[in-house]
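Q: Sharing a structure, written as structure tokens. Questions coming.
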Amino acid sequence: MSVVQAVKNYVNKMISESEPGYKIMLMDKETTSFVSLVLGMSEVMRQEVYMFERLDQTSSGENMSYLKCLVYVRPTQDNIRALCHELQKPRYGAYYIYFSNVVSKSDVKLLAEADEHEVVREVQELYADYQALSPHLFSLNMPIHSHGMKWGSGCLQRTVQGLAGVLFSLQLLPTIRYQNNSEMARSLAENIRQTIVTEGSLYTNVDTEGNSLLLILDRRDDPVTPLLHQWTYEAMVHELLGVNNGRVNLAHVPGVSDDLKEVVMSPTQDDFYARSMFLNYGEIGQTIKDLMEDYQKKLSKQQKVESISDMKHFVESYPQFKKMSGTVSKHVTVVGELSRLVGTLGLLGISECQQELVCGSDHSANLQRIYQLVTDVKVREADAVALVMLYALRHEGHPNNDVRGLINALRKRNVGDDYLKLLSSLMDYGGARARQSDLFGTQAPQDISAIKKRLFKGIKGVDNVYTQHKPLLLDTISEVAKGRLREGAYPYCGNPAPTASKPQNVVLFIVGGVTYEESAAIHQFNTNNPGMRVILGGSTVHNSTSFLASMEAAMDGLPRKALRI
């Protein structure tokens with residue numbers, strides 16, 4: 001079962017278990033996003049759900065006792081207080097309360113005491129406590145998770161709840177491993193293990209122990225992937241336009257119509273997007289063209305209404321036709337804006353330089369090209385700084401390293417101090433001393449298979465200069481599939497299960513966030529390895545802007561020693 005299906009099942013369970021009749025759904029900010037990402041509101045409304053309300057934005061005390069209320073909220077103290085207030089002066093005839101995770105007995109007691117009118121019919125725990133973005137990808141929607149390289153206030157607890165919710169909803173009882181050099185990954189692993197022990201009764205149809213693995217990684221081990229321009233449709237939309245809870249704001253697009261100022265970009269609600277999200281920039285252009293041509297053919301047929309039979313067919317097919325029209329308009333607008341930005345910002349040249357920098361080894365050529373781009377006033381500040389950051393990471397130990405010269409070039413174009421401080425922070429956050437993996441393949445191979453892999457990588461041709469880079473986690477998950485993940489680098493939390501060397505189900509969680517490039521890589525891995533299912537999750541889904549903000553928060557209050565600027 002996928003994470004999308006797990007959340008859908010819970011929502012349908014809530015609706016179906018209540019009594020027949022019109023209902024209202026009362027949710028908080030987070031659970032609203034959990035539902036909207038997997039089900040369109042029209043789908044929910046077809047199941048007698050009359051309207052939706054936010055618990056933190058409830059309207060006037062108008063009595064609507066003829067409606068039943070489905071409450072779906074996270075078990076936070078704010079929500080418990082708001083629910084108690086709601087129950088003391090109930091507006092609806094009956095309340096069915098569902099928490100997205102484990103709720104304490106003391107909180108249930110508070111609700112019982114507040115229910116003086118005896119309107120509560122059900123109180124249950126569900127475990128849909130995460131955003132299911134696609135069948136294999138989930139997020140906790142927590143862009144800032146760390147301060148001073150330690151868990152931020154409440155962030156560890158929230159991560160434990162969300163990750164445990166994934167395991168409970170999928171009925172996975174995993175062996176747990178974590179990145180050895182990450183204290184945050186270790187503490188998360190220990191807390192997840194303790195939660196599983198404490199709440200073991202929640203497993204009713206459990207996957208065989210040892211058949212699944214939870215592997216916890218740290219974003220610091222690969223700071224490169226979030227800084228690169230990506231070329232899959234999904235990744236480009238997030239990098240250049242930004243995706244927030246499955247929605248994209250297009251209000252800034254020149255000449256955009258009112259109905260396209262905000263659009264839904266979710267594979268669960270848009271079949272064309274589900275088929276196209278992993279296509280690259282070149283492929284998506286042809287796919288949009290095919291979609292347009294298909295739409296035009298159907299449009300010409302619809303215009304030929306010459307008989308009663310034609311009219312009947314038109315009426316029956318109109319909803320689907322209207323939906324297709326909206327899909328065409330949306331994607332033509334989005335792809336058009338992406339194309340405009342790629343050309344205006346010169347992203348093809350920047351991306352080629354980025355790829356050659358992180359995948360190649362010619363220091364002199366890399367440095368020369370970066371200088372050309374950094375000093376080009378047509379290149380955005382953000383792209384110029386990202387190039388210098390990638391150079392600093394890639395050639396950190398090179399004897400002719402010229403980070404200082406590049407920083408001076410940035411200063412000459414009046415790059416802000418905030419960007420320059422981020423450059424310094426980056427080396428402490430994700431420089432060689434902070435990483436345990438061979439991010440750039442520059443360390444001496446430890447075994448014959450690693451030598452063969454490096455030789456093969458060096459001689460095989462590259463089909464696309466813009467997609468040479470492969471994220472580090474692809475190497476990691478490949479080692480898991482082969483049963484070769486080194487215990488010294490990824491120790492077990494607790495005793496390893498006897499059959500845990502090659503698990504069939506893997507939940508891969510990255511403390512500090514994932515990227516859509518990594519999601520595309522896992523999608524391809526799952527396609528190529530049908531005997532093994534990998535689900536990827538993280539604190540959030542980053543583009544380059546959110547990654548730098550997250551890194552800045554993580555380094556807040558710490559001295560910057562690695563790169564004095």
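By convention here, the chains of the structure tokens are called A, B, ... in the order presented, each chain's residues are numbered starting at 1, and ligands are numbered starting at 1 in the order presented.
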Using DSSP on the backbone coordinates, identify all residues within segment 228-414 of chain A classified as strand (DSSP E); present the result as a list in words.
A: Arg247, Val248, Asn249, Glu262, Val263 and Val264 of chain A
Q: Fewer than 5 positions away in the same chain doesn't count, so skip those; otherwise give me all residues within 10 Å of segment 40-48 of chain A, counting only C-alpha atoms, as a list in words.
A: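 Near neighbours after the sequence-gap exclusion: Val11, Asn12, Ile15, Ser16, Pro20, Gly21, Tyr22, Lys23, Ile24, Met25, Val35, Val264, Ser266, Thr268, Gln269 and Asp270 of chain A.
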Q: Put those residues in a file: N, CA, C and O atoms, as a PDB file, in the first residue's frame.
A:
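Written output follows (result_24.pdb):
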```pdb
ATOM      1  N   VAL A  11      -9.389   8.637   5.498  1.00  0.00           N
ATOM      2  CA  VAL A  11     -10.433   9.639   5.270  1.00  0.00           C
ATOM      3  C   VAL A  11     -11.764   8.951   4.945  1.00  0.00           C
ATOM      4  O   VAL A  11     -12.823   9.312   5.485  1.00  0.00           O
ATOM      5  N   ASN A  12     -11.722   7.946   4.086  1.00  0.00           N
ATOM      6  CA  ASN A  12     -12.945   7.215   3.747  1.00  0.00           C
ATOM      7  C   ASN A  12     -13.513   6.475   4.950  1.00  0.00           C
ATOM      8  O   ASN A  12     -14.739   6.366   5.099  1.00  0.00           O
ATOM      9  N   ILE A  15     -15.489   8.957   7.102  1.00  0.00           N
ATOM     10  CA  ILE A  15     -16.789   9.322   6.524  1.00  0.00           C
ATOM     11  C   ILE A  15     -17.777   8.166   6.595  1.00  0.00           C
ATOM     12  O   ILE A  15     -18.944   8.342   6.949  1.00  0.00           O
ATOM     13  N   SER A  16     -17.304   6.969   6.279  1.00  0.00           N
ATOM     14  CA  SER A  16     -18.210   5.817   6.194  1.00  0.00           C
ATOM     15  C   SER A  16     -18.686   5.337   7.564  1.00  0.00           C
ATOM     16  O   SER A  16     -19.787   4.781   7.674  1.00  0.00           O
ATOM     17  N   PRO A  20     -25.451   7.950   8.425  1.00  0.00           N
ATOM     18  CA  PRO A  20     -25.848   8.590   7.156  1.00  0.00           C
ATOM     19  C   PRO A  20     -26.408   9.986   7.406  1.00  0.00           C
ATOM     20  O   PRO A  20     -26.960  10.267   8.466  1.00  0.00           O
ATOM     21  N   GLY A  21     -26.252  10.842   6.415  1.00  0.00           N
ATOM     22  CA  GLY A  21     -26.753  12.209   6.527  1.00  0.00           C
ATOM     23  C   GLY A  21     -25.658  13.214   6.247  1.00  0.00           C
ATOM     24  O   GLY A  21     -24.469  12.874   6.171  1.00  0.00           O
ATOM     25  N   TYR A  22     -26.059  14.467   6.077  1.00  0.00           N
ATOM     26  CA  TYR A  22     -25.093  15.512   5.754  1.00  0.00           C
ATOM     27  C   TYR A  22     -24.148  15.777   6.918  1.00  0.00           C
ATOM     28  O   TYR A  22     -24.548  15.774   8.084  1.00  0.00           O
ATOM     29  N   LYS A  23     -22.888  16.032   6.556  1.00  0.00           N
ATOM     30  CA  LYS A  23     -21.844  16.196   7.562  1.00  0.00           C
ATOM     31  C   LYS A  23     -20.999  17.421   7.240  1.00  0.00           C
ATOM     32  O   LYS A  23     -20.962  17.882   6.103  1.00  0.00           O
ATOM     33  N   ILE A  24     -20.283  17.874   8.244  1.00  0.00           N
ATOM     34  CA  ILE A  24     -19.263  18.905   8.071  1.00  0.00           C
ATOM     35  C   ILE A  24     -17.943  18.321   8.536  1.00  0.00           C
ATOM     36  O   ILE A  24     -17.910  17.509   9.472  1.00  0.00           O
ATOM     37  N   MET A  25     -16.840  18.670   7.859  1.00  0.00           N
ATOM     38  CA  MET A  25     -15.511  18.245   8.317  1.00  0.00           C
ATOM     39  C   MET A  25     -14.823  19.415   8.988  1.00  0.00           C
ATOM     40  O   MET A  25     -14.678  20.491   8.399  1.00  0.00           O
ATOM     41  N   VAL A  35      -5.607  16.039   3.803  1.00  0.00           N
ATOM     42  CA  VAL A  35      -6.761  15.584   3.029  1.00  0.00           C
ATOM     43  C   VAL A  35      -6.715  16.135   1.609  1.00  0.00           C
ATOM     44  O   VAL A  35      -6.902  15.402   0.628  1.00  0.00           O
ATOM     45  N   VAL A 264      -3.813  23.717  -8.917  1.00  0.00           N
ATOM     46  CA  VAL A 264      -3.470  22.503  -8.182  1.00  0.00           C
ATOM     47  C   VAL A 264      -2.483  21.688  -9.013  1.00  0.00           C
ATOM     48  O   VAL A 264      -2.740  21.404 -10.188  1.00  0.00           O
ATOM     49  N   SER A 266      -1.045  18.334  -8.240  1.00  0.00           N
ATOM     50  CA  SER A 266      -0.993  17.146  -7.396  1.00  0.00           C
ATOM     51  C   SER A 266      -1.267  15.921  -8.246  1.00  0.00           C
ATOM     52  O   SER A 266      -2.267  15.873  -8.956  1.00  0.00           O
ATOM     53  N   THR A 268      -2.395  13.144  -7.465  1.00  0.00           N
ATOM     54  CA  THR A 268      -3.612  12.428  -7.070  1.00  0.00           C
ATOM     55  C   THR A 268      -4.866  13.061  -7.660  1.00  0.00           C
ATOM     56  O   THR A 268      -5.922  12.436  -7.685  1.00  0.00           O
ATOM     57  N   GLN A 269      -4.758  14.304  -8.143  1.00  0.00           N
ATOM     58  CA  GLN A 269      -5.927  15.007  -8.648  1.00  0.00           C
ATOM     59  C   GLN A 269      -5.775  15.463 -10.101  1.00  0.00           C
ATOM     60  O   GLN A 269      -6.646  16.153 -10.624  1.00  0.00           O
ATOM     61  N   ASP A 270      -4.679  15.105 -10.729  1.00  0.00           N
ATOM     62  CA  ASP A 270      -4.406  15.539 -12.100  1.00  0.00           C
ATOM     63  C   ASP A 270      -3.707  14.391 -12.825  1.00  0.00           C
ATOM     64  O   ASP A 270      -2.512  14.154 -12.640  1.00  0.00           O
TER      65      ASP A 270
END
```
Q: Skip segment 194-202 of chain A itself and residues of its chain fewer than 6 positions away, then list as a PyMOL selection string all residues within 9 Å of it, counting only C-alpha atoms.
A: chain A and resi 102+160-161+164+168+171+173
Q: With a distance cut-off of 7 Å and only C-alpha atoms, select the neighbouring residues of Tyr130 of chain A, excluding the residue or stretch itself and same-chain residues fewer than 3 positions from it, and output the selection as an mmCIF file with all heavy atoms, in the first residue's frame.
A:
```cif
data_model
loop_
_atom_site.group_PDB
_atom_site.id
_atom_site.type_symbol
_atom_site.label_atom_id
_atom_site.label_comp_id
_atom_site.auth_asym_id
_atom_site.auth_seq_id
_atom_site.Cartn_x
_atom_site.Cartn_y
_atom_site.Cartn_z
ATOM 1 N N PHE A 34 -3.355 17.477 4.666
ATOM 2 C CA PHE A 34 -3.275 16.020 4.516
ATOM 3 C C PHE A 34 -4.381 15.511 3.602
ATOM 4 O O PHE A 34 -4.151 14.670 2.735
ATOM 5 C CB PHE A 34 -3.415 15.317 5.876
ATOM 6 C CG PHE A 34 -2.359 15.664 6.896
ATOM 7 C CD1 PHE A 34 -2.546 15.354 8.230
ATOM 8 C CD2 PHE A 34 -1.178 16.291 6.532
ATOM 9 C CE1 PHE A 34 -1.598 15.657 9.186
ATOM 10 C CE2 PHE A 34 -0.207 16.614 7.479
ATOM 11 C CZ PHE A 34 -0.420 16.293 8.809
ATOM 12 N N PHE A 138 6.506 11.246 1.031
ATOM 13 C CA PHE A 138 5.760 11.966 2.064
ATOM 14 C C PHE A 138 6.637 13.048 2.681
ATOM 15 O O PHE A 138 7.872 13.003 2.623
ATOM 16 C CB PHE A 138 5.235 11.014 3.148
ATOM 17 C CG PHE A 138 6.309 10.429 4.039
ATOM 18 C CD1 PHE A 138 6.660 11.037 5.235
ATOM 19 C CD2 PHE A 138 6.956 9.248 3.683
ATOM 20 C CE1 PHE A 138 7.642 10.495 6.057
ATOM 21 C CE2 PHE A 138 7.940 8.698 4.498
ATOM 22 C CZ PHE A 138 8.278 9.320 5.691
ATOM 23 N N SER A 139 5.977 14.037 3.270
ATOM 24 C CA SER A 139 6.662 15.163 3.899
ATOM 25 C C SER A 139 5.965 15.500 5.209
ATOM 26 O O SER A 139 4.758 15.294 5.359
ATOM 27 C CB SER A 139 6.633 16.383 2.962
ATOM 28 O OG SER A 139 6.992 17.573 3.653
ATOM 29 N N LEU A 140 6.730 16.043 6.154
ATOM 30 C CA LEU A 140 6.150 16.523 7.409
ATOM 31 C C LEU A 140 5.898 18.022 7.363
ATOM 32 O O LEU A 140 5.480 18.609 8.363
ATOM 33 C CB LEU A 140 7.068 16.164 8.584
ATOM 34 C CG LEU A 140 7.357 14.668 8.746
ATOM 35 C CD1 LEU A 140 8.182 14.419 10.004
ATOM 36 C CD2 LEU A 140 6.085 13.848 8.768
ATOM 37 N N GLY A 162 5.152 12.017 13.095
ATOM 38 C CA GLY A 162 4.892 11.860 11.663
ATOM 39 C C GLY A 162 5.467 10.575 11.112
ATOM 40 O O GLY A 162 4.799 9.844 10.358
#
```
Q: Would you return as an NGL selection string the members of segment 52-230 of chain A that DSSP assigns to alpha helix (DSSP H) on this structure's backbone?
A: :A and (77-88 or 105-114 or 155-170 or 183-198)
Q: Just write the chosen residues, N, CA and C atoms, as a compact mmCIF listing (two decimals), in the first residue's frame.
A:
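Generated output (out_1.txt):
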```txt
# COMPACT_ATOMS: atom_id res chain seq x y z
N GLN A 77 -1.95 20.40 21.97
CA GLN A 77 -2.62 21.03 23.10
C GLN A 77 -3.57 22.13 22.63
N ASP A 78 -3.16 22.88 21.62
CA ASP A 78 -4.04 23.94 21.09
C ASP A 78 -5.34 23.34 20.55
N ASN A 79 -5.23 22.22 19.84
CA ASN A 79 -6.42 21.58 19.29
C ASN A 79 -7.32 21.01 20.38
N ILE A 80 -6.71 20.44 21.42
CA ILE A 80 -7.50 19.90 22.53
C ILE A 80 -8.29 21.02 23.20
N ARG A 81 -7.64 22.15 23.43
CA ARG A 81 -8.33 23.29 24.06
C ARG A 81 -9.47 23.80 23.18
N ALA A 82 -9.20 23.90 21.87
CA ALA A 82 -10.23 24.39 20.95
C ALA A 82 -11.40 23.41 20.87
N LEU A 83 -11.12 22.13 20.91
CA LEU A 83 -12.19 21.12 20.88
C LEU A 83 -13.03 21.17 22.15
N CYS A 84 -12.38 21.33 23.30
CA CYS A 84 -13.12 21.45 24.56
C CYS A 84 -14.08 22.64 24.50
N HIS A 85 -13.59 23.76 23.96
CA HIS A 85 -14.43 24.95 23.83
C HIS A 85 -15.60 24.67 22.90
N GLU A 86 -15.34 23.96 21.79
CA GLU A 86 -16.39 23.61 20.84
C GLU A 86 -17.45 22.73 21.49
N LEU A 87 -17.03 21.75 22.29
CA LEU A 87 -17.97 20.80 22.89
C LEU A 87 -18.79 21.42 24.02
N GLN A 88 -18.22 22.43 24.66
CA GLN A 88 -18.97 23.09 25.72
C GLN A 88 -20.18 23.85 25.18
N LYS A 105 -4.35 9.77 27.38
CA LYS A 105 -5.57 9.51 28.15
C LYS A 105 -6.05 10.76 28.88
N SER A 106 -5.10 11.59 29.30
CA SER A 106 -5.48 12.81 30.02
C SER A 106 -6.22 13.77 29.10
N ASP A 107 -5.82 13.82 27.81
CA ASP A 107 -6.52 14.68 26.86
C ASP A 107 -7.92 14.15 26.55
N VAL A 108 -8.04 12.83 26.45
CA VAL A 108 -9.36 12.23 26.24
C VAL A 108 -10.27 12.54 27.42
N LYS A 109 -9.70 12.52 28.62
CA LYS A 109 -10.48 12.84 29.82
C LYS A 109 -10.98 14.29 29.78
N LEU A 110 -10.12 15.21 29.31
CA LEU A 110 -10.54 16.61 29.19
C LEU A 110 -11.72 16.75 28.23
N LEU A 111 -11.66 16.02 27.12
CA LEU A 111 -12.76 16.06 26.16
C LEU A 111 -14.05 15.50 26.76
N ALA A 112 -13.91 14.42 27.51
CA ALA A 112 -15.08 13.80 28.13
C ALA A 112 -15.74 14.76 29.13
N GLU A 113 -14.91 15.48 29.88
CA GLU A 113 -15.44 16.44 30.85
C GLU A 113 -16.11 17.61 30.16
N ALA A 114 -15.60 18.00 28.99
CA ALA A 114 -16.19 19.13 28.25
C ALA A 114 -17.50 18.74 27.56
N CYS A 155 10.43 20.01 17.38
CA CYS A 155 10.63 19.41 16.05
C CYS A 155 10.92 17.91 16.13
N LEU A 156 11.65 17.48 17.15
CA LEU A 156 11.90 16.05 17.30
C LEU A 156 10.59 15.31 17.57
N GLN A 157 9.78 15.85 18.47
CA GLN A 157 8.50 15.21 18.78
C GLN A 157 7.61 15.13 17.54
N ARG A 158 7.55 16.22 16.79
CA ARG A 158 6.71 16.23 15.58
C ARG A 158 7.23 15.22 14.56
N THR A 159 8.55 15.11 14.43
CA THR A 159 9.12 14.16 13.48
C THR A 159 8.85 12.73 13.91
N VAL A 160 8.97 12.44 15.18
CA VAL A 160 8.66 11.10 15.70
C VAL A 160 7.20 10.76 15.42
N GLN A 161 6.30 11.71 15.68
CA GLN A 161 4.88 11.45 15.45
C GLN A 161 4.60 11.18 13.97
N GLY A 162 5.15 12.02 13.10
CA GLY A 162 4.89 11.86 11.66
C GLY A 162 5.47 10.57 11.11
N LEU A 163 6.70 10.28 11.47
CA LEU A 163 7.37 9.08 10.95
C LEU A 163 6.73 7.82 11.52
N ALA A 164 6.39 7.85 12.81
CA ALA A 164 5.69 6.71 13.41
C ALA A 164 4.33 6.52 12.74
N GLY A 165 3.67 7.64 12.39
CA GLY A 165 2.40 7.56 11.69
C GLY A 165 2.51 6.83 10.37
N VAL A 166 3.59 7.08 9.63
CA VAL A 166 3.83 6.38 8.37
C VAL A 166 3.97 4.87 8.62
N LEU A 167 4.76 4.50 9.63
CA LEU A 167 4.98 3.08 9.93
C LEU A 167 3.68 2.40 10.37
N PHE A 168 2.91 3.08 11.24
CA PHE A 168 1.65 2.49 11.72
C PHE A 168 0.63 2.37 10.59
N SER A 169 0.53 3.41 9.74
CA SER A 169 -0.48 3.39 8.68
C SER A 169 -0.16 2.33 7.63
N LEU A 170 1.11 2.04 7.42
CA LEU A 170 1.51 1.02 6.45
C LEU A 170 1.71 -0.35 7.10
N GLU A 183 24.05 13.06 15.01
CA GLU A 183 23.43 12.95 16.33
C GLU A 183 21.91 13.09 16.22
N MET A 184 21.45 13.93 15.30
CA MET A 184 20.01 14.12 15.12
C MET A 184 19.36 12.85 14.58
N ALA A 185 20.03 12.17 13.64
CA ALA A 185 19.51 10.92 13.12
C ALA A 185 19.47 9.85 14.20
N ARG A 186 20.50 9.82 15.04
CA ARG A 186 20.55 8.82 16.12
C ARG A 186 19.42 9.03 17.12
N SER A 187 19.22 10.28 17.55
CA SER A 187 18.17 10.54 18.54
C SER A 187 16.78 10.25 17.96
N LEU A 188 16.59 10.53 16.67
CA LEU A 188 15.32 10.21 16.04
C LEU A 188 15.11 8.70 16.00
N ALA A 189 16.15 7.95 15.64
CA ALA A 189 16.04 6.49 15.59
C ALA A 189 15.66 5.93 16.96
N GLU A 190 16.31 6.42 18.01
CA GLU A 190 16.04 5.92 19.36
C GLU A 190 14.61 6.24 19.78
N ASN A 191 14.14 7.44 19.45
CA ASN A 191 12.77 7.82 19.82
C ASN A 191 11.73 7.02 19.04
N ILE A 192 12.00 6.75 17.77
CA ILE A 192 11.08 5.93 16.98
C ILE A 192 11.02 4.52 17.56
N ARG A 193 12.17 3.97 17.91
CA ARG A 193 12.21 2.61 18.48
C ARG A 193 11.40 2.55 19.77
N GLN A 194 11.56 3.56 20.62
CA GLN A 194 10.82 3.59 21.88
C GLN A 194 9.31 3.72 21.63
N THR A 195 8.94 4.53 20.64
CA THR A 195 7.52 4.69 20.31
C THR A 195 6.91 3.37 19.83
N ILE A 196 7.65 2.63 19.01
CA ILE A 196 7.17 1.34 18.52
C ILE A 196 6.98 0.36 19.67
N VAL A 197 7.92 0.37 20.62
CA VAL A 197 7.81 -0.51 21.79
C VAL A 197 6.58 -0.14 22.62
N THR A 198 6.41 1.17 22.86
CA THR A 198 5.31 1.65 23.70
C THR A 198 3.95 1.42 23.06
```
Q: I'd like the contact shell of Leu345 of chain A - 12 Å cut-off, only C-alpha atoms, skipping same-chain residues fewer than 2 positions apart - returned as a ChimeraX atom specification.
A: /A:229,240,337-343,347-351,373,376-384
Q: Please produce an output containing C-alpha atoms for each residue in the selection, written as a PDB file, in the first residue's frame.
A:
```
ATOM      1  CA  HIS A 229      18.757  23.194 -11.069  1.00  0.00           C
ATOM      2  CA  LEU A 240      11.067  28.146 -10.318  1.00  0.00           C
ATOM      3  CA  GLU A 337       6.101  30.324 -17.694  1.00  0.00           C
ATOM      4  CA  LEU A 338       8.824  27.729 -17.051  1.00  0.00           C
ATOM      5  CA  SER A 339      10.070  28.197 -20.615  1.00  0.00           C
ATOM      6  CA  ARG A 340      10.079  31.974 -20.211  1.00  0.00           C
ATOM      7  CA  LEU A 341      12.115  31.754 -16.987  1.00  0.00           C
ATOM      8  CA  VAL A 342      14.588  29.245 -18.426  1.00  0.00           C
ATOM      9  CA  GLY A 343      15.314  31.619 -21.316  1.00  0.00           C
ATOM     10  CA  LEU A 347      19.322  28.486 -16.817  1.00  0.00           C
ATOM     11  CA  LEU A 348      20.568  26.060 -19.447  1.00  0.00           C
ATOM     12  CA  GLY A 349      24.074  27.516 -19.341  1.00  0.00           C
ATOM     13  CA  ILE A 350      24.038  27.719 -15.541  1.00  0.00           C
ATOM     14  CA  SER A 351      22.817  24.142 -15.202  1.00  0.00           C
ATOM     15  CA  LEU A 373      28.921  33.345 -15.013  1.00  0.00           C
ATOM     16  CA  ASP A 376      27.723  38.167 -15.830  1.00  0.00           C
ATOM     17  CA  VAL A 377      25.154  40.736 -14.669  1.00  0.00           C
ATOM     18  CA  LYS A 378      22.386  38.789 -16.442  1.00  0.00           C
ATOM     19  CA  VAL A 379      22.907  35.882 -14.000  1.00  0.00           C
ATOM     20  CA  ARG A 380      20.768  36.169 -10.862  1.00  0.00           C
ATOM     21  CA  GLU A 381      22.503  36.708  -7.526  1.00  0.00           C
ATOM     22  CA  ALA A 382      21.027  33.445  -6.231  1.00  0.00           C
ATOM     23  CA  ASP A 383      22.448  31.464  -9.163  1.00  0.00           C
ATOM     24  CA  ALA A 384      25.857  33.140  -8.895  1.00  0.00           C
TER      25      ALA A 384
END
```
Q: Between A:Tyr429, A:Tyr371, A:Trp151, A:Tyr233, which is the closest to Met555 of chain A once you count only C-alpha atoms?
A: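 Using only C-alpha atoms, the shortest distance to Met555 of chain A belongs to A:Tyr429.
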Q: In terms of the shortest atom-to-atom distance over only C-alpha atoms, which of A:Pro143, A:Gly430, A:Pro530, A:Gly154 is closest to Thr76 of chain A?
A: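 Among A:Pro143, A:Gly430, A:Pro530, A:Gly154, it is A:Gly154 that comes nearest to Thr76 of chain A.
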Q: Could you work out how far atom CA of Gly557 of chain A lies from atom CA of Arg220 of chain A, giving the answer in Å with one decimal?
A: 17.4 Å
Q: Give me the residues near Leu485 of chain A as an NGL selection string, where near means some atom within 10 Å (using only C-alpha atoms) and where sequence neighbours in that chain fewer than 4 positions away do not count.
A: :A and (177 or 475-481 or 489-491 or 501-502)
Q: Determine, counting only C-alpha atoms, which protein, DNA and RNA residues have an atom within 9 Å of an atom of Leu558 of chain A; residues of the same chain fewer than 4 positions away are not included. Present the result as a PyMOL selection string.
A: chain A and resi 148-149+425+554
Q: For the selection you just gave me, I'd like the residues written to a file as an mmCIF file, in the first residue's frame, keeping C-alpha atoms.
A:
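again-v2.cif, written as the output of this step:
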```cif
data_model
loop_
_atom_site.group_PDB
_atom_site.id
_atom_site.type_symbol
_atom_site.label_atom_id
_atom_site.label_comp_id
_atom_site.auth_asym_id
_atom_site.auth_seq_id
_atom_site.Cartn_x
_atom_site.Cartn_y
_atom_site.Cartn_z
ATOM 1 C CA GLY A 148 22.385 25.331 16.412
ATOM 2 C CA MET A 149 22.668 21.877 14.789
ATOM 3 C CA SER A 425 27.837 28.485 6.976
ATOM 4 C CA ALA A 554 20.475 25.089 11.522
#
```
Q: For Gln131 of chain A, which of A:Gly537, A:Phe440, A:Glu19, A:Lys330 is the closest residue, counting only C-alpha atoms?
A: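 For Gln131 of chain A, the nearest of the candidates is A:Gly537.
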